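Asker: What follows is a structure written as structure tokens; I'll ask about it next.
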Amino acid sequence: MKVLWFEISTPSRYLHTGQVTLGWQDALENIVATCKDIELYIAFESQVPAEVKVIDGITYIPMITHYSFWEQKVGQHTWTINERKVIEQGRKVIEQFKPDVIHVFGNEWPFGLLAQYTDIPLVVHIQGSIVPYNNALYPPKYNGYTMVKAAGLNLRKDWHRFTGFNKDKSRLEMERRIWKTVHHFMGRTCWDKALVNMLTKHATYHHVEEALRPDFLHSKKLWKVPPANAKLRLLTTGCSSFWKGVDVMLKTAHVLKEAGVDFEWHVAGSLGEELMQIVESKEKLKYAENNIQFLGFCSPERLIDEMCQSTMYVHTAYIENSPNSICEAQMIGMPIISTMVGGIATLVRNGVEGDLLPANDPWQLANAIVELAKDQSRMKSYSEHSRQHALERHNPDSILQQLLVCYKDLVNNYRK
């Protein structure tokens, strides 16, 4: 079976001559590479000269796109230019390689629109979705004026924010068209299945779990219940946007500090200077003064060490589908405290693998953290159930079988 993937980034195997080290798409690629029934082709956009390569039996197809000066300027306001470029290149790839199935990663990018130009079954592998994400664009109390006020009189930042707003609006419109155009979807949570049911008409839905990075899948280091007198150490991964609940994180930390709790909160990732300024200005609080330390980029090895040295994993998002950060924490056996949003309730069984709380309720979050930290037997139970659930969910053999069932269903229905 010839399968053509359209990826949103350059595969690490292509860049690093066979060493797969980054990303769940790379992890899934590693799984599919073991299957003799699939002849895999992977297409991706490249704005620099690159050549088709065959590595370990997988054919990599860089789609070379060129953007003129004016196209680059217009592209700051809209996705239309990028859409036109990649659809043009994608159609050429489909015509040249004639796959049996087309597998697109994410409906937030233009590739799903290729379904308009081919009869070959095309399935979108849902990652997130801009449509519901846009519904959680700003946290409560925040709006566009909040951002302008925090930045002060800065025409450059104001212009950048204006172009970003236009481009986000264009992306939202593009994704709405993708939902209406595509007839087959691949997902893994009750949340993304609900989106397919509500945003499409008679589309098929195939359940395929997410592949995890091998470092976490095969880690010998696992989380253990800390000593009763150990300092409370919290860990969060990802802090790049309002969607991640960066304001909730700060407010929860402040509640803990005001309650006299001795804790530290490590965040794997970097919070942009402008976003930090906006949140700190609005909340009249400082991250550093509330025991939050941003670690910047963490390699898998360092992140696993952080997990093993922490008391629990805390997730404060306003909207998510199936955050890999939670999945990786579960694989290491961490107990989870999280907001109950999006698809997280599919990943974390409330009261079994962790505690799920309402979004933007720092008092309940803080209380849940303190109560769980005091209950070692519950932490141990959460840990054991989390790891077992993750081992079953992210089993490579199971994922491959789920993927094969999806592909075969699409091919068989197409031939009828």
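Simple scheme: letters A, B, ... for chains in structure tokens order, numbers from 1 for residues in each chain, numbers from 1 for ligands in the order shown.
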List every residue of region 41-263 of chain A that DSSP, applied to the backbone, labels as alpha helix (DSSP H), and write the result as a ChimeraX atom specification.
Answerer: /A:69-74,80-97,130-135,144-151,155-181,190-199,214-217,246-258
Asker: Would you mind exporting the chosen residues as a PDB file, in the first residue's frame, restricted to C-alpha atoms?
Answerer:
ATOM      1  CA  PHE A  69       9.530  40.087  -1.353  1.00  0.00           C
ATOM      2  CA  TRP A  70       5.924  41.181  -1.738  1.00  0.00           C
ATOM      3  CA  GLU A  71       4.588  37.676  -1.144  1.00  0.00           C
ATOM      4  CA  GLN A  72       6.498  37.604   2.116  1.00  0.00           C
ATOM      5  CA  LYS A  73       4.996  40.948   3.125  1.00  0.00           C
ATOM      6  CA  VAL A  74       1.449  39.931   2.185  1.00  0.00           C
ATOM      7  CA  THR A  80      -3.657  32.706   1.280  1.00  0.00           C
ATOM      8  CA  ILE A  81      -0.152  32.896  -0.210  1.00  0.00           C
ATOM      9  CA  ASN A  82       1.103  29.821   1.639  1.00  0.00           C
ATOM     10  CA  GLU A  83      -2.103  27.945   0.818  1.00  0.00           C
ATOM     11  CA  ARG A  84      -1.716  28.618  -2.890  1.00  0.00           C
ATOM     12  CA  LYS A  85       1.956  27.595  -2.907  1.00  0.00           C
ATOM     13  CA  VAL A  86       1.661  24.316  -0.985  1.00  0.00           C
ATOM     14  CA  ILE A  87      -1.558  23.217  -2.712  1.00  0.00           C
ATOM     15  CA  GLU A  88       0.098  23.732  -6.092  1.00  0.00           C
ATOM     16  CA  GLN A  89       3.121  21.688  -5.023  1.00  0.00           C
ATOM     17  CA  GLY A  90       1.006  19.089  -3.259  1.00  0.00           C
ATOM     18  CA  ARG A  91      -1.072  18.409  -6.351  1.00  0.00           C
ATOM     19  CA  LYS A  92       2.126  17.773  -8.314  1.00  0.00           C
ATOM     20  CA  VAL A  93       3.352  15.324  -5.685  1.00  0.00           C
ATOM     21  CA  ILE A  94       0.044  13.412  -5.718  1.00  0.00           C
ATOM     22  CA  GLU A  95       0.072  13.234  -9.511  1.00  0.00           C
ATOM     23  CA  GLN A  96       3.682  12.043  -9.630  1.00  0.00           C
ATOM     24  CA  PHE A  97       3.612   9.389  -6.889  1.00  0.00           C
ATOM     25  CA  ILE A 130      -8.326  26.679  15.601  1.00  0.00           C
ATOM     26  CA  VAL A 131     -12.149  26.848  15.607  1.00  0.00           C
ATOM     27  CA  PRO A 132     -12.610  25.944  19.310  1.00  0.00           C
ATOM     28  CA  TYR A 133      -9.212  27.415  20.222  1.00  0.00           C
ATOM     29  CA  ASN A 134     -10.449  30.765  18.942  1.00  0.00           C
ATOM     30  CA  ASN A 135     -13.315  30.473  21.418  1.00  0.00           C
ATOM     31  CA  GLY A 144      -6.834  43.242  22.795  1.00  0.00           C
ATOM     32  CA  TYR A 145      -6.694  46.407  24.867  1.00  0.00           C
ATOM     33  CA  THR A 146      -4.932  44.479  27.649  1.00  0.00           C
ATOM     34  CA  MET A 147      -2.128  43.658  25.252  1.00  0.00           C
ATOM     35  CA  VAL A 148      -1.832  47.183  23.862  1.00  0.00           C
ATOM     36  CA  LYS A 149      -1.822  48.703  27.344  1.00  0.00           C
ATOM     37  CA  ALA A 150       0.890  46.348  28.610  1.00  0.00           C
ATOM     38  CA  ALA A 151       3.130  47.111  25.626  1.00  0.00           C
ATOM     39  CA  LEU A 155       3.992  51.218  17.067  1.00  0.00           C
ATOM     40  CA  ARG A 156       6.186  48.324  15.953  1.00  0.00           C
ATOM     41  CA  LYS A 157       4.568  45.915  18.411  1.00  0.00           C
ATOM     42  CA  ASP A 158       1.120  47.275  17.632  1.00  0.00           C
ATOM     43  CA  TRP A 159       1.676  46.705  13.910  1.00  0.00           C
ATOM     44  CA  HIS A 160       3.022  43.215  14.523  1.00  0.00           C
ATOM     45  CA  ARG A 161      -0.029  42.429  16.646  1.00  0.00           C
ATOM     46  CA  PHE A 162      -2.354  43.811  13.938  1.00  0.00           C
ATOM     47  CA  THR A 163      -0.790  41.668  11.203  1.00  0.00           C
ATOM     48  CA  GLY A 164      -0.882  38.649  13.514  1.00  0.00           C
ATOM     49  CA  PHE A 165      -4.583  39.222  14.175  1.00  0.00           C
ATOM     50  CA  ASN A 166      -5.300  39.345  10.442  1.00  0.00           C
ATOM     51  CA  LYS A 167      -3.291  36.197   9.794  1.00  0.00           C
ATOM     52  CA  ASP A 168      -5.024  34.321  12.630  1.00  0.00           C
ATOM     53  CA  LYS A 169      -8.397  35.358  11.205  1.00  0.00           C
ATOM     54  CA  SER A 170      -7.310  34.070   7.792  1.00  0.00           C
ATOM     55  CA  ARG A 171      -6.200  30.779   9.339  1.00  0.00           C
ATOM     56  CA  LEU A 172      -9.527  30.355  11.085  1.00  0.00           C
ATOM     57  CA  GLU A 173     -11.373  30.831   7.796  1.00  0.00           C
ATOM     58  CA  MET A 174      -9.038  28.372   6.068  1.00  0.00           C
ATOM     59  CA  GLU A 175      -9.594  25.727   8.726  1.00  0.00           C
ATOM     60  CA  ARG A 176     -13.376  26.102   8.451  1.00  0.00           C
ATOM     61  CA  ARG A 177     -13.046  25.271   4.747  1.00  0.00           C
ATOM     62  CA  ILE A 178     -10.909  22.232   5.580  1.00  0.00           C
ATOM     63  CA  TRP A 179     -13.540  20.877   7.974  1.00  0.00           C
ATOM     64  CA  LYS A 180     -16.124  21.167   5.185  1.00  0.00           C
ATOM     65  CA  THR A 181     -13.838  19.736   2.487  1.00  0.00           C
ATOM     66  CA  CYS A 190     -13.924  12.384  22.906  1.00  0.00           C
ATOM     67  CA  TRP A 191     -13.253  16.057  22.191  1.00  0.00           C
ATOM     68  CA  ASP A 192     -11.882  15.670  18.665  1.00  0.00           C
ATOM     69  CA  LYS A 193     -14.620  13.137  17.860  1.00  0.00           C
ATOM     70  CA  ALA A 194     -17.203  15.713  18.964  1.00  0.00           C
ATOM     71  CA  LEU A 195     -15.624  18.254  16.592  1.00  0.00           C
ATOM     72  CA  VAL A 196     -15.922  15.825  13.681  1.00  0.00           C
ATOM     73  CA  ASN A 197     -19.564  15.193  14.565  1.00  0.00           C
ATOM     74  CA  MET A 198     -20.419  18.893  14.818  1.00  0.00           C
ATOM     75  CA  LEU A 199     -18.233  20.511  12.144  1.00  0.00           C
ATOM     76  CA  PRO A 214      11.121   6.866  22.180  1.00  0.00           C
ATOM     77  CA  ASP A 215      12.990   8.496  25.085  1.00  0.00           C
ATOM     78  CA  PHE A 216       9.806   8.454  27.166  1.00  0.00           C
ATOM     79  CA  LEU A 217       8.449   5.189  25.796  1.00  0.00           C
ATOM     80  CA  VAL A 246      -0.032  30.943  31.744  1.00  0.00           C
ATOM     81  CA  ASP A 247      -2.108  33.379  33.779  1.00  0.00           C
ATOM     82  CA  VAL A 248      -3.707  30.519  35.721  1.00  0.00           C
ATOM     83  CA  MET A 249      -0.259  29.179  36.501  1.00  0.00           C
ATOM     84  CA  LEU A 250       0.803  32.505  38.001  1.00  0.00           C
ATOM     85  CA  LYS A 251      -2.435  32.939  39.979  1.00  0.00           C
ATOM     86  CA  THR A 252      -2.244  29.378  41.323  1.00  0.00           C
ATOM     87  CA  ALA A 253       1.356  29.877  42.400  1.00  0.00           C
ATOM     88  CA  HIS A 254       0.345  33.073  44.176  1.00  0.00           C
ATOM     89  CA  VAL A 255      -2.461  31.280  46.030  1.00  0.00           C
ATOM     90  CA  LEU A 256       0.041  28.641  47.166  1.00  0.00           C
ATOM     91  CA  LYS A 257       2.516  31.268  48.296  1.00  0.00           C
ATOM     92  CA  GLU A 258      -0.120  33.269  50.172  1.00  0.00           C
TER      93      GLU A 258
END
Asker: Which parts of region 42-112 of chain A does DSSP call strand (DSSP E) when run on the backbone here, written out as a PDB file with N, CA and C atoms, in the first residue's frame?
Answerer:
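Result file follows (part39.pdb):
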ATOM      1  N   ILE A  42       6.846  10.816   2.240  1.00  0.00           N
ATOM      2  CA  ILE A  42       6.590  11.961   3.117  1.00  0.00           C
ATOM      3  C   ILE A  42       6.946  13.249   2.386  1.00  0.00           C
ATOM      4  N   ALA A  43       5.929  14.102   2.191  1.00  0.00           N
ATOM      5  CA  ALA A  43       6.127  15.395   1.535  1.00  0.00           C
ATOM      6  C   ALA A  43       6.072  16.502   2.577  1.00  0.00           C
ATOM      7  N   PHE A  44       6.881  17.516   2.385  1.00  0.00           N
ATOM      8  CA  PHE A  44       6.936  18.639   3.322  1.00  0.00           C
ATOM      9  C   PHE A  44       7.444  19.874   2.586  1.00  0.00           C
ATOM     10  N   GLU A  45       7.044  21.032   3.065  1.00  0.00           N
ATOM     11  CA  GLU A  45       7.456  22.272   2.425  1.00  0.00           C
ATOM     12  C   GLU A  45       8.895  22.604   2.774  1.00  0.00           C
ATOM     13  N   SER A  46       9.638  23.075   1.797  1.00  0.00           N
ATOM     14  CA  SER A  46      11.005  23.541   2.017  1.00  0.00           C
ATOM     15  C   SER A  46      11.222  24.824   1.228  1.00  0.00           C
ATOM     16  N   LYS A  53      14.962  12.181  -1.236  1.00  0.00           N
ATOM     17  CA  LYS A  53      15.865  11.177  -0.683  1.00  0.00           C
ATOM     18  C   LYS A  53      15.079   9.933  -0.289  1.00  0.00           C
ATOM     19  N   VAL A  54      15.710   8.790  -0.404  1.00  0.00           N
ATOM     20  CA  VAL A  54      15.159   7.547   0.126  1.00  0.00           C
ATOM     21  C   VAL A  54      16.059   7.112   1.273  1.00  0.00           C
ATOM     22  N   ILE A  55      15.491   7.096   2.486  1.00  0.00           N
ATOM     23  CA  ILE A  55      16.249   6.736   3.681  1.00  0.00           C
ATOM     24  C   ILE A  55      15.508   5.604   4.386  1.00  0.00           C
ATOM     25  N   ILE A  58      12.038   4.827   3.154  1.00  0.00           N
ATOM     26  CA  ILE A  58      11.045   5.907   3.144  1.00  0.00           C
ATOM     27  C   ILE A  58      11.484   6.986   2.158  1.00  0.00           C
ATOM     28  N   THR A  59      10.568   7.415   1.296  1.00  0.00           N
ATOM     29  CA  THR A  59      10.884   8.444   0.310  1.00  0.00           C
ATOM     30  C   THR A  59      10.470   9.805   0.850  1.00  0.00           C
ATOM     31  N   TYR A  60      11.438  10.720   0.926  1.00  0.00           N
ATOM     32  CA  TYR A  60      11.199  12.076   1.433  1.00  0.00           C
ATOM     33  C   TYR A  60      11.157  13.039   0.254  1.00  0.00           C
ATOM     34  N   ILE A  61      10.076  13.856   0.221  1.00  0.00           N
ATOM     35  CA  ILE A  61       9.822  14.713  -0.933  1.00  0.00           C
ATOM     36  C   ILE A  61       9.724  16.164  -0.486  1.00  0.00           C
ATOM     37  N   PRO A  62      10.806  16.923  -0.552  1.00  0.00           N
ATOM     38  CA  PRO A  62      10.703  18.350  -0.229  1.00  0.00           C
ATOM     39  C   PRO A  62       9.977  19.101  -1.335  1.00  0.00           C
ATOM     40  N   MET A  63       8.968  19.858  -0.960  1.00  0.00           N
ATOM     41  CA  MET A  63       8.227  20.672  -1.934  1.00  0.00           C
ATOM     42  C   MET A  63       8.810  22.086  -1.867  1.00  0.00           C
ATOM     43  N   ILE A  64       9.566  22.437  -2.876  1.00  0.00           N
ATOM     44  CA  ILE A  64      10.291  23.704  -2.871  1.00  0.00           C
ATOM     45  C   ILE A  64       9.328  24.847  -3.181  1.00  0.00           C
ATOM     46  N   VAL A 101      -3.392   6.129  -0.398  1.00  0.00           N
ATOM     47  CA  VAL A 101      -3.972   6.900   0.696  1.00  0.00           C
ATOM     48  C   VAL A 101      -3.128   8.144   0.917  1.00  0.00           C
ATOM     49  N   ILE A 102      -3.789   9.261   1.235  1.00  0.00           N
ATOM     50  CA  ILE A 102      -3.093  10.498   1.601  1.00  0.00           C
ATOM     51  C   ILE A 102      -3.393  10.786   3.068  1.00  0.00           C
ATOM     52  N   HIS A 103      -2.348  10.991   3.846  1.00  0.00           N
ATOM     53  CA  HIS A 103      -2.456  11.208   5.294  1.00  0.00           C
ATOM     54  C   HIS A 103      -1.893  12.595   5.601  1.00  0.00           C
ATOM     55  N   VAL A 104      -2.761  13.495   6.058  1.00  0.00           N
ATOM     56  CA  VAL A 104      -2.380  14.880   6.340  1.00  0.00           C
ATOM     57  C   VAL A 104      -2.323  15.094   7.852  1.00  0.00           C
ATOM     58  N   PHE A 105      -1.261  15.699   8.322  1.00  0.00           N
ATOM     59  CA  PHE A 105      -1.127  15.985   9.750  1.00  0.00           C
ATOM     60  C   PHE A 105      -1.640  17.393  10.060  1.00  0.00           C
TER      61      PHE A 105
END
Asker: Ranking A:His207, A:Phe111, A:Arg349, A:Asn360 by minimum distance to Trp79 (chain A) and counting only C-alpha atoms, which one comes first?
Answerer: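 Of A:His207, A:Phe111, A:Arg349, A:Asn360, the one nearest Trp79 (chain A) is A:Phe111, counting only C-alpha atoms.
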Asker: Given the choices A:Ala50, A:Leu15, A:Ala390, A:Cys308, which gets closest to Met331 (chain A) if the distance is worked out from only C-alpha atoms?
Answerer: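 Of all the options, A:Ala390 lies closest to Met331 (chain A).
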Asker: For region 25-27 of chain A, work out the shell of residues within 9 Å, counting only C-alpha atoms and skipping chain neighbours fewer than 3 positions away, then give it as a CSV table (one decimal) with N, CA and C atoms, in the first residue's frame.
Answerer:
chain,number,residue,atom,x,y,z
A,7,GLU,N,3.5,16.5,5.9
A,7,GLU,CA,3.9,16.9,7.2
A,7,GLU,C,4.1,18.4,7.2
A,11,PRO,N,11.0,16.3,8.4
A,11,PRO,CA,11.2,15.1,9.3
A,11,PRO,C,12.7,15.1,9.8
A,12,SER,N,12.9,14.7,11.0
A,12,SER,CA,14.2,14.7,11.6
A,12,SER,C,15.1,13.6,10.9
A,13,ARG,N,14.4,12.5,10.5
A,13,ARG,CA,15.2,11.5,9.8
A,13,ARG,C,15.8,12.1,8.5
A,20,VAL,N,16.2,9.5,14.4
A,20,VAL,CA,14.9,10.0,14.8
A,20,VAL,C,14.9,10.4,16.3
A,21,THR,N,14.8,11.7,16.5
A,21,THR,CA,15.0,12.2,17.9
A,21,THR,C,13.9,13.1,18.4
A,22,LEU,N,13.1,13.7,17.5
A,22,LEU,CA,12.2,14.8,17.9
A,22,LEU,C,10.8,14.6,17.3
A,30,ASN,N,8.7,6.3,12.8
A,30,ASN,CA,9.6,5.2,13.2
A,30,ASN,C,8.8,3.9,13.3
A,31,ILE,N,7.5,4.0,13.8
A,31,ILE,CA,6.7,2.9,13.9
A,31,ILE,C,6.3,2.3,12.5
A,32,VAL,N,5.9,3.2,11.6
A,32,VAL,CA,5.5,2.8,10.3
A,32,VAL,C,6.6,2.2,9.5
A,105,PHE,N,-1.3,15.7,8.3
A,105,PHE,CA,-1.1,16.0,9.7
A,105,PHE,C,-1.6,17.4,10.1
A,210,GLU,N,-1.8,8.4,19.7
A,210,GLU,CA,-0.6,9.2,19.4
A,210,GLU,C,0.7,8.4,19.8
A,211,ALA,N,1.7,8.6,18.9
A,211,ALA,CA,3.0,8.0,19.2
A,211,ALA,C,3.8,8.9,20.1
A,212,LEU,N,4.5,8.4,21.0
A,212,LEU,CA,5.4,9.2,21.9
A,212,LEU,C,6.8,9.1,21.5
A,213,ARG,N,7.6,10.1,21.9
A,213,ARG,CA,9.0,10.0,21.6
A,213,ARG,C,9.6,8.8,22.3
A,214,PRO,N,10.5,8.1,21.6
A,214,PRO,CA,11.1,6.9,22.2
A,214,PRO,C,11.8,7.1,23.5
Asker: For Lys282 (chain A), find every residue with an atom within 9 Å (counting only C-alpha atoms), except residues of its own chain fewer than 3 positions away, and show them as a PyMOL selection string.
Answerer: chain A and resi 141-142+146+150+277-279+285
Asker: Skip Asp355 (chain A) itself and residues of its chain fewer than 4 positions away, then list as a list in words all residues within 8 Å of it, counting only C-alpha atoms.
Answerer: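 Contacts, with the query itself left out: Ile336, Ile337, Ser338, Asn350, Gly351 and Ala368 of chain A.
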Asker: Keeping only N, CA and C atoms, write the selected residues as an mmCIF file, in the first residue's frame.
Answerer:
data_model
loop_
_atom_site.group_PDB
_atom_site.id
_atom_site.type_symbol
_atom_site.label_atom_id
_atom_site.label_comp_id
_atom_site.auth_asym_id
_atom_site.auth_seq_id
_atom_site.Cartn_x
_atom_site.Cartn_y
_atom_site.Cartn_z
ATOM 1 N N ILE A 336 -1.094 13.397 38.058
ATOM 2 C CA ILE A 336 -1.439 14.573 37.263
ATOM 3 C C ILE A 336 -2.476 15.435 37.982
ATOM 4 N N ILE A 337 -2.234 16.744 37.961
ATOM 5 C CA ILE A 337 -3.253 17.737 38.307
ATOM 6 C C ILE A 337 -3.470 18.571 37.046
ATOM 7 N N SER A 338 -4.708 18.652 36.568
ATOM 8 C CA SER A 338 -4.934 19.364 35.314
ATOM 9 C C SER A 338 -6.317 19.993 35.290
ATOM 10 N N ASN A 350 -10.298 10.992 35.837
ATOM 11 C CA ASN A 350 -10.405 11.781 37.061
ATOM 12 C C ASN A 350 -10.581 10.882 38.290
ATOM 13 N N GLY A 351 -9.732 11.106 39.296
ATOM 14 C CA GLY A 351 -9.792 10.315 40.507
ATOM 15 C C GLY A 351 -9.125 8.961 40.398
ATOM 16 N N ALA A 368 -6.058 21.300 45.350
ATOM 17 C CA ALA A 368 -5.838 19.937 44.852
ATOM 18 C C ALA A 368 -4.370 19.558 44.924
#
